[in-house]
file entry.txt (compact mmCIF, C-alpha atoms)
# COMPACT_ATOMS: atom_id res chain seq x y z
CA MET U 6 113.45 78.08 100.40
CA LEU U 7 112.65 78.53 104.04
CA PHE U 8 108.99 78.15 103.79
CA ALA U 9 108.93 76.61 100.39
CA ALA U 10 109.52 73.64 102.66
CA MET U 11 106.88 74.49 105.21
CA ALA U 12 104.21 75.27 102.68
CA GLY U 13 104.72 72.13 100.62
CA HIS U 14 101.87 70.05 99.19
CA ALA U 15 98.44 69.71 100.62
CA VAL U 16 97.30 66.43 102.12
CA ALA U 17 94.48 64.72 100.25
CA ALA U 18 91.09 66.07 101.20
CA THR U 19 90.02 64.35 104.39
CA PRO U 20 86.49 63.82 105.58
CA ALA U 21 85.86 64.29 109.30
CA LEU U 22 88.81 63.66 111.63
CA VAL U 23 88.99 60.30 113.38
CA PRO U 24 87.75 60.84 116.94
CA TYR U 25 90.20 60.04 119.75
CA ARG U 26 90.25 59.83 123.53
CA ILE U 27 92.89 61.40 125.76
CA GLU U 28 93.97 59.58 128.92
CA GLY U 29 96.36 61.51 131.13
CA ASP U 30 99.00 62.91 128.78
CA ALA U 31 98.45 60.33 126.06
CA ILE U 32 96.14 59.11 123.29
CA PRO U 33 96.50 55.35 123.86
CA ALA U 34 94.58 54.05 120.82
CA SER U 35 95.86 54.17 117.24
CA LEU U 36 94.08 56.56 114.91
CA ALA U 37 94.33 54.29 111.87
CA PRO U 38 93.34 50.70 111.06
CA ASP U 39 96.74 49.82 109.57
CA PRO U 40 99.94 49.72 111.60
CA GLY U 41 102.39 52.56 110.98
CA ASP U 42 105.27 52.19 108.53
CA PRO U 43 108.60 53.46 109.99
CA LEU U 44 110.11 54.11 106.56
CA ARG U 45 107.24 56.33 105.55
CA GLY U 46 107.45 57.95 108.97
CA ARG U 47 111.10 58.74 108.45
CA GLU U 48 110.34 60.41 105.13
CA LEU U 49 107.47 62.35 106.63
CA ILE U 50 109.49 63.93 109.40
CA SER U 51 112.16 65.28 107.07
CA GLY U 52 109.94 65.90 104.04
CA ARG U 53 107.50 68.64 103.31
CA ASP U 54 104.47 66.96 104.77
CA GLY U 55 105.75 66.71 108.32
CA ASN U 56 108.50 69.29 108.32
CA CYS U 57 109.51 68.32 111.83
CA LEU U 58 113.16 69.15 111.11
CA LEU U 59 112.28 72.81 110.66
CA CYS U 60 112.30 72.93 114.45
CA HIS U 61 113.65 69.60 115.78
CA ALA U 62 117.00 67.93 115.16
CA VAL U 63 117.03 64.16 114.64
CA ALA U 64 120.67 63.12 114.34
CA GLU U 65 119.68 59.69 112.98
CA THR U 66 118.31 61.19 109.74
CA GLY U 67 121.74 62.46 108.69
CA VAL U 68 120.02 65.56 107.28
CA ARG U 69 122.41 68.51 106.99
CA PHE U 70 120.26 71.42 108.19
CA MET U 71 117.91 71.03 111.11
CA GLY U 72 116.22 73.48 113.43
CA ASP U 73 116.94 74.01 117.12
CA ILE U 74 113.75 75.74 118.22
CA ALA U 75 112.51 72.52 119.78
CA PRO U 76 114.10 69.67 121.76
CA PRO U 77 116.08 67.16 119.64
CA LEU U 78 114.06 64.00 119.03
CA SER U 79 116.95 61.55 119.34
CA GLY U 80 116.06 59.11 122.11
CA VAL U 81 112.44 60.26 122.18
CA GLY U 82 111.29 56.68 121.55
CA ALA U 83 112.75 55.67 124.90
CA ARG U 84 111.41 58.71 126.76
CA LEU U 85 107.81 58.65 125.57
CA SER U 86 105.25 55.90 124.97
CA GLU U 87 103.36 55.57 121.69
CA GLY U 88 100.31 57.16 123.30
CA GLN U 89 102.33 60.07 124.64
CA LEU U 90 103.90 60.67 121.24
CA ARG U 91 100.45 60.54 119.64
CA LEU U 92 99.04 63.34 121.81
CA ARG U 93 102.13 65.48 121.31
CA ILE U 94 101.83 65.23 117.54
CA VAL U 95 98.04 65.39 117.33
CA ASP U 96 97.63 68.43 119.57
CA SER U 97 100.51 69.62 121.76
CA SER U 98 98.44 72.62 122.80
CA ARG U 99 96.48 70.29 125.09
CA LEU U 100 99.62 69.96 127.20
CA ASN U 101 100.95 73.48 126.77
CA PRO U 102 98.56 76.16 125.50
CA GLU U 103 101.51 78.46 124.72
CA THR U 104 103.37 75.85 122.69
CA VAL U 105 105.14 76.62 119.43
CA MET U 106 104.63 73.03 118.27
CA PRO U 107 101.84 73.00 115.66
CA SER U 108 98.90 70.64 116.15
CA TYR U 109 99.18 68.12 113.34
CA TYR U 110 95.69 66.67 113.63
CA LYS U 111 93.35 69.53 114.30
CA VAL U 112 91.17 71.77 112.15
CA ASP U 113 89.11 73.70 114.70
CA GLY U 114 90.07 76.95 116.35
CA LEU U 115 92.55 77.95 113.64
CA VAL U 116 92.52 81.48 112.28
CA ARG U 117 92.88 82.61 108.66
CA VAL U 118 94.16 79.34 107.27
CA ALA U 119 95.17 79.66 103.60
CA PRO U 120 92.49 78.26 101.25
CA ALA U 121 94.65 75.31 100.16
CA TRP U 122 94.82 74.00 103.74
CA ARG U 123 91.47 75.01 105.17
CA GLY U 124 89.60 72.22 106.92
CA LYS U 125 92.50 69.81 106.58
CA PRO U 126 94.83 68.53 109.29
CA VAL U 127 98.58 68.83 108.57
CA LEU U 128 98.95 65.05 108.56
CA THR U 129 96.42 62.26 108.01
CA ALA U 130 95.67 59.73 110.74
CA GLN U 131 97.75 57.14 108.90
CA GLN U 132 100.69 59.52 108.49
CA ILE U 133 100.64 60.23 112.21
CA GLU U 134 100.83 56.50 112.95
CA ASP U 135 103.78 56.25 110.50
CA VAL U 136 105.62 59.04 112.32
CA ILE U 137 104.97 57.48 115.74
CA VAL U 138 106.35 54.11 114.68
CA TYR U 139 109.48 55.80 113.34
CA LEU U 140 109.96 57.90 116.48
CA LYS U 141 109.69 54.70 118.55
CA THR U 142 112.83 53.44 116.78
CA LEU U 143 114.82 56.41 118.20
CA LYS U 144 116.07 54.89 121.44
CA MET T 1 95.57 86.73 122.97
CA LEU T 2 94.51 90.23 123.83
CA THR T 3 96.07 90.09 127.26
CA LEU T 4 99.27 88.71 125.78
CA SER T 5 99.57 91.65 123.41
CA ALA T 6 98.71 94.16 126.11
CA VAL T 7 101.35 92.75 128.45
CA ALA T 8 103.99 92.54 125.78
CA ALA T 9 103.34 96.11 124.70
CA GLU T 10 104.07 97.39 128.17
CA ALA T 11 107.02 95.18 129.04
CA PRO T 12 110.32 96.92 128.34
CA ARG T 13 112.12 95.27 125.47
CA PRO T 14 115.85 94.80 125.21
CA GLN T 15 117.76 96.92 122.67
CA PRO T 16 116.67 95.72 119.23
CA LYS T 17 119.23 94.02 117.02
CA SER T 18 119.15 94.40 113.26
CA GLY T 19 118.58 91.37 111.06
CA ILE T 20 122.06 91.83 109.63
CA GLU T 21 123.55 90.85 112.98
CA TYR T 22 121.93 87.44 112.63
CA ALA T 23 123.17 87.00 109.06
CA GLY T 24 126.21 85.00 107.98
CA GLY T 25 129.58 86.62 107.36
CA ASP T 26 129.24 86.47 103.57
CA VAL T 27 125.92 88.29 103.62
CA ARG T 28 127.25 90.89 106.04
CA ALA T 29 130.28 91.53 103.87
CA LEU T 30 128.09 91.90 100.78
CA GLN T 31 125.77 94.40 102.45
CA ALA T 32 128.70 96.45 103.75
CA ASP T 33 130.37 96.76 100.34
CA ASP T 34 128.69 99.47 98.26
CA PHE T 35 130.34 98.16 95.09
CA GLY T 36 129.37 94.53 95.71
CA ASN T 37 125.93 95.11 97.27
CA PRO T 38 123.48 94.26 94.44
CA GLY T 39 120.83 96.43 96.11
CA MET T 40 122.84 99.47 95.05
CA LEU T 41 121.69 98.78 91.48
CA TRP T 42 118.14 99.64 92.53
CA VAL T 43 119.37 102.72 94.36
CA ALA T 44 121.13 103.83 91.17
CA ARG T 45 117.99 103.18 89.10
CA GLY T 46 116.01 105.15 91.64
CA GLU T 47 118.38 108.07 91.30
CA LYS T 48 117.73 108.17 87.54
CA LEU T 49 113.96 107.91 87.98
CA TRP T 50 114.08 110.72 90.54
CA SER T 51 114.77 113.24 87.83
CA ALA T 52 112.79 111.63 85.00
CA PRO T 53 109.59 113.53 84.12
CA ALA T 54 106.43 111.41 84.42
CA GLY T 55 102.69 111.77 83.93
CA ARG T 56 100.48 114.55 82.62
CA SER T 57 102.34 117.17 84.65
CA GLY T 58 105.60 116.32 82.94
CA LYS T 59 107.23 116.85 86.29
CA SER T 60 109.88 114.67 87.90
CA CYS T 61 110.24 113.98 91.64
CA ALA T 62 113.16 116.39 91.56
CA GLY T 63 110.85 119.04 90.06
CA CYS T 64 109.17 119.34 93.45
CA HIS T 65 111.66 117.88 95.91
CA ARG T 66 114.93 119.00 94.33
CA ASP T 67 118.00 117.32 95.68
CA ALA T 68 117.09 114.01 97.34
CA PRO T 69 120.24 113.70 99.50
CA THR T 70 119.10 116.90 101.22
CA THR T 71 115.31 116.82 101.03
CA MET T 72 114.79 113.08 101.56
CA LYS T 73 117.33 112.72 104.36
CA GLY T 74 115.61 111.27 107.44
CA VAL T 75 112.26 110.76 105.71
CA ALA T 76 112.37 106.94 105.88
CA THR T 77 113.00 107.06 109.64
CA ARG T 78 109.50 108.52 110.13
CA TYR T 79 107.48 106.11 107.95
CA PRO T 80 104.80 104.69 107.83
CA ARG T 81 103.12 108.01 108.43
CA ARG T 82 99.74 109.67 108.33
CA ASP T 83 99.20 113.15 106.99
CA VAL T 84 98.37 115.76 109.59
CA GLY T 85 95.05 116.36 107.87
CA GLY T 86 94.11 112.68 108.13
CA GLY T 87 94.00 110.28 105.22
CA GLU T 88 95.27 106.75 105.32
CA LEU T 89 98.51 105.54 106.85
CA LEU T 90 101.14 105.54 104.10
CA ASN T 91 104.42 103.71 103.89
CA LEU T 92 107.13 104.99 101.55
CA GLU T 93 105.72 103.05 98.63
CA GLY T 94 102.29 104.50 99.33
CA ARG T 95 103.66 108.04 99.54
CA ILE T 96 105.57 107.66 96.29
CA ASN T 97 102.43 106.43 94.57
CA GLN T 98 100.38 109.25 96.09
CA CYS T 99 102.83 111.79 94.64
CA ARG T 100 102.66 110.10 91.26
CA GLU T 101 98.88 110.10 91.17
CA GLN T 102 98.13 113.48 92.71
CA ARG T 103 101.16 115.60 91.80
CA GLN T 104 102.58 114.07 88.66
CA GLY T 105 99.34 112.86 87.15
CA ALA T 106 100.98 109.50 86.49
CA ASP T 107 99.88 105.90 86.96
CA VAL T 108 100.54 104.32 90.33
CA LEU T 109 103.45 101.91 90.26
CA ARG T 110 102.75 98.25 90.91
CA TYR T 111 104.13 96.80 94.14
CA GLU T 112 107.40 94.94 93.44
CA SER T 113 107.76 96.66 90.06
CA GLU T 114 111.36 97.62 89.31
CA GLU T 115 110.40 101.30 89.36
CA LEU T 116 108.69 101.27 92.74
CA LEU T 117 111.47 99.20 94.29
CA ALA T 118 114.06 101.55 92.81
CA LEU T 119 112.39 104.76 93.98
CA THR T 120 111.70 103.32 97.44
CA ALA T 121 115.28 102.09 97.78
CA TYR T 122 116.63 105.44 96.61
CA VAL T 123 114.50 107.46 99.04
CA ALA T 124 115.16 105.13 102.00
CA HIS T 125 118.87 105.11 101.19
CA GLN T 126 119.01 108.84 101.93
CA SER T 127 118.39 107.93 105.59
CA ARG T 128 121.03 105.22 105.79
CA GLY T 129 122.74 105.32 109.17
CA MET T 130 119.96 107.33 110.82
CA PRO T 131 117.87 105.76 113.60
CA VAL T 132 114.31 104.56 112.96
CA ASN T 133 112.14 107.06 114.79
CA VAL T 134 108.42 106.59 114.12
CA GLU T 135 106.14 108.41 116.47
CA ILE T 136 102.98 106.75 117.81
CA ASN T 137 100.37 109.43 118.39
CA ASP T 138 96.62 109.96 118.37
CA ALA T 139 96.59 110.00 114.58
CA ASN T 140 98.12 106.55 114.13
CA ARG T 141 97.48 104.73 117.42
CA VAL T 142 94.67 102.70 115.94
CA ASN T 143 97.01 101.53 113.15
CA PHE T 144 99.68 100.71 115.70
CA GLU T 145 97.25 98.65 117.74
CA ARG T 146 95.99 96.76 114.71
CA GLY T 147 99.57 96.01 113.73
CA ARG T 148 100.36 94.81 117.22
CA ASP T 149 97.32 92.54 117.21
CA THR T 150 98.48 90.98 113.95
CA TYR T 151 101.93 90.46 115.45
CA TYR T 152 100.56 88.50 118.40
CA ARG T 153 97.75 86.68 116.61
CA ARG T 154 98.26 82.99 115.98
CA GLN T 155 97.29 82.19 112.42
CA GLY T 156 97.43 79.70 109.62
CA GLN T 157 97.47 75.93 109.72
CA MET T 158 100.75 76.12 111.69
CA ASN T 159 98.95 78.28 114.24
CA LEU T 160 101.94 80.54 114.88
CA ALA T 161 102.24 84.28 115.47
CA CYS T 162 105.15 86.56 114.59
CA THR T 163 106.12 86.57 118.26
CA HIS T 164 106.72 82.82 118.30
CA CYS T 165 109.56 83.09 115.85
CA HIS T 166 110.88 86.63 116.08
CA GLU T 167 110.49 87.32 119.79
CA GLN T 168 110.68 83.91 121.42
CA ASN T 169 113.14 82.22 119.07
CA ALA T 170 115.39 84.91 117.59
CA GLY T 171 118.89 83.55 117.18
CA ARG T 172 117.68 79.95 116.82
CA LYS T 173 117.55 77.93 113.62
CA LEU T 174 114.47 77.20 111.58
CA LEU T 175 115.91 74.50 109.35
CA ALA T 176 118.85 76.37 107.76
CA ASP T 177 117.69 79.93 108.55
CA THR T 178 118.77 81.85 111.61
CA ILE T 179 115.64 83.60 112.86
CA SER T 180 116.15 87.33 113.43
CA GLU T 181 114.01 89.75 115.42
CA GLY T 182 112.03 90.50 112.27
CA HIS T 183 112.81 94.20 111.81
CA GLY T 184 112.18 96.13 108.61
CA ASN T 185 115.07 98.62 108.90
CA ALA T 186 117.02 97.33 105.87
CA TYR T 187 114.18 97.18 103.31
CA PRO T 188 113.94 97.09 100.38
CA VAL T 189 116.64 94.41 100.51
CA TYR T 190 118.41 92.41 97.86
CA ARG T 191 117.61 88.80 98.71
CA LEU T 192 119.84 86.10 97.28
CA GLU T 193 116.97 83.62 97.23
CA TRP T 194 114.86 86.04 95.16
CA GLN T 195 117.82 87.08 93.03
CA SER T 196 116.23 90.49 93.18
CA ALA T 197 115.45 93.37 95.42
CA GLY T 198 112.17 93.03 97.27
CA SER T 199 109.95 95.05 99.52
CA LEU T 200 109.21 94.51 103.20
CA HIS T 201 105.71 93.45 102.22
CA ARG T 202 107.08 90.71 100.01
CA ARG T 203 109.06 89.41 103.01
CA LEU T 204 106.03 89.63 105.29
CA ARG T 205 103.90 87.73 102.79
CA ALA T 206 106.52 84.99 102.81
CA CYS T 207 106.10 84.67 106.58
CA PHE T 208 102.31 84.45 106.24
CA PHE T 209 102.78 81.81 103.55
CA GLY T 210 105.16 79.92 105.80
CA VAL T 211 102.59 79.47 108.53
CA ARG T 212 100.06 78.55 105.84
CA ALA T 213 97.90 81.61 106.48
CA GLU T 214 95.95 83.77 104.04
CA GLN T 215 98.36 86.32 102.60
CA PRO T 216 97.28 89.97 102.74
CA ALA T 217 98.04 91.85 99.51
CA ALA T 218 101.25 93.88 99.32
CA GLY T 219 100.36 97.47 100.11
CA SER T 220 97.17 96.48 101.95
CA ALA T 221 96.17 98.44 105.05
CA GLU T 222 96.80 95.35 107.13
CA LEU T 223 100.44 95.14 106.09
CA VAL T 224 101.02 98.89 106.38
CA ASP T 225 99.65 98.77 109.95
CA LEU T 226 101.95 95.83 110.70
CA GLU T 227 104.83 97.78 109.16
CA LEU T 228 104.13 100.66 111.56
CA TYR T 229 104.14 98.31 114.53
CA LEU T 230 107.40 96.75 113.34
CA ALA T 231 108.92 100.22 112.93
CA SER T 232 107.98 101.02 116.52
CA ARG T 233 109.79 97.86 117.64
CA ALA T 234 112.80 98.84 115.52
CA ARG T 235 113.11 102.32 117.01
CA GLY T 236 116.77 103.23 117.39
CA LEU T 237 118.03 100.77 114.77
CA GLN T 238 119.79 102.40 111.86
CA VAL T 239 118.18 102.45 108.44
CA GLU T 240 120.37 100.14 106.31
CA THR T 241 118.72 100.32 102.90
CA PRO T 242 119.66 98.56 100.71
CA GLY T 243 120.13 95.50 102.94
CA VAL T 244 121.25 92.10 101.73
CA ARG T 245 119.63 88.85 102.90
CA ARG T 246 120.11 85.20 102.01
call {"tool": "encode", "arguments": {"input": "entry.txt", "output": "structure tokens"}}
result
Amino acid sequence: MLFAAMAGHAVAATPALVPYRIEGDAIPASLAPDPGDPLRGRELISGRDGNCLLCHAVAETGVRFMGDIAPPLSGVGARLSEGQLRLRIVDSSRLNPETVMPSYYKVDGLVRVAPAWRGKPVLTAQQIEDVIVYLKTLK
Amino acid sequence: MLTLSAVAAEAPRPQPKSGIEYAGGDVRALQADDFGNPGMLWVARGEKLWSAPAGRSGKSCAGCHRDAPTTMKGVATRYPRRDVGGGELLNLEGRINQCREQRQGADVLRYESEELLALTAYVAHQSRGMPVNVEINDANRVNFERGRDTYYRRQGQMNLACTHCHEQNAGRKLLADTISEGHGNAYPVYRLEWQSAGSLHRRLRACFFGVRAEQPAAGSAELVDLELYLASRARGLQVETPGVRR
């Protein structure tokens, strides 16, 4: 069950990743043409695609079991801007090379990725925007 | 990565704690009760197989090794192990299969087959309560180092190493699971989620799967090397076979 969750379904095959620019500790510009959808974002963080609750607790989801490896995300929408959230989800290792937080939008520099996931980011650009919009509602 | 593993290898580690100490009360009670512990079924099957003739030789394990409670006592504490004369590093499963092939003239048993689980559980059970005591020496240092590198290597789409969960986050929750220090001292275990006994390699493959990494085959040199490194981390912990896990 543990990792049945983590190793859920693969994201649809993506062509090249959308390029982005980092300013300070943020990625200010959206990665996707469409605005994020907070409902989809909410499903992503607790579902198998995002799996954020493996490590983070988000009291607002009402989910019964949540991890405590990482800081709880309640109130994160007040603490961090959209751009700051984007960098932390896209590639936390830019801020902390030792981080346990996986990079959700990165395919380079990974070692021995299982064939089903090779060359694919964990989340698509649109899914990342969905998650950000949801996290911004946690104030 | 390399420096991290070198540093960690030298740093003194706190007393290891068995996975059972991180388990819930129900699981602990089940493991402690020899009549309730489902793993004892495999031990009992192993006891039968121990004296069943097999292969062209028509010999049983007992034909060579006699009485397992005497001759197999303490054996599991020293595995994985390399023969003095060289040869590959063998875990208990590997040794059992080597005996079958070379001494009994029988087919090797498939990893996770009922027979191999039963014989491994039976042999390891003879060391229950004795401390894990693998020796790292010139013959197996290269295996130890390979295992250590695997332990500290980030891998998979999640880009995590064993250390990130089992060293840095032991005692914390990953969703509903309490992460332990990742020791192998209770294997084979009966796992409630599997509704079966399973080998240490099955458990390790689940961790590789979890970080979305390529899974080495059960019994592969890579996993036996990792098993040796884990055993060195578990030194002093008592063998608990058959353990119970959720």
call {"tool": "closest_residue", "arguments": {"input": "entry.txt", "among": "U:Ile137, U:Leu49, U:Val127, U:Ala119", "to": "Gly156 (chain T)", "atoms": "only C-alpha atoms"}}
result
U:Ala119
call {"tool": "interface_residues", "arguments": {"input": "entry.txt", "of": "chain T", "to": "chain U", "cutoff": "12 Å", "atoms": "only C-alpha atoms", "output": "PyMOL selection string"}}
result
chain T and resi 1+4+150+152-179+191-194+203-216+246
call {"tool": "residues_around", "arguments": {"input": "entry.txt", "residues": "Asp225 (chain T)", "least_positions_apart": "3", "cutoff": "7 Å", "atoms": "only C-alpha atoms", "output": "PyMOL selection string"}}
result
chain T and resi 143-144+146-147+221-222+228-229
call {"tool": "atom_distance", "arguments": {"input": "entry.txt", "atom1": "CA of Gln132 (chain U)", "atom2": "CA of Pro102 (chain U)"}}
result
23.9 Å
call {"tool": "atom_distance", "arguments": {"input": "entry.txt", "atom1": "CA of Ala106 (chain T)", "atom2": "CA of Gly58 (chain T)"}}
result
9.0 Å
call {"tool": "atom_distance", "arguments": {"input": "entry.txt", "atom1": "CA of Ser180 (chain T)", "atom2": "CA of Ala197 (chain T)"}}
result
19.0 Å
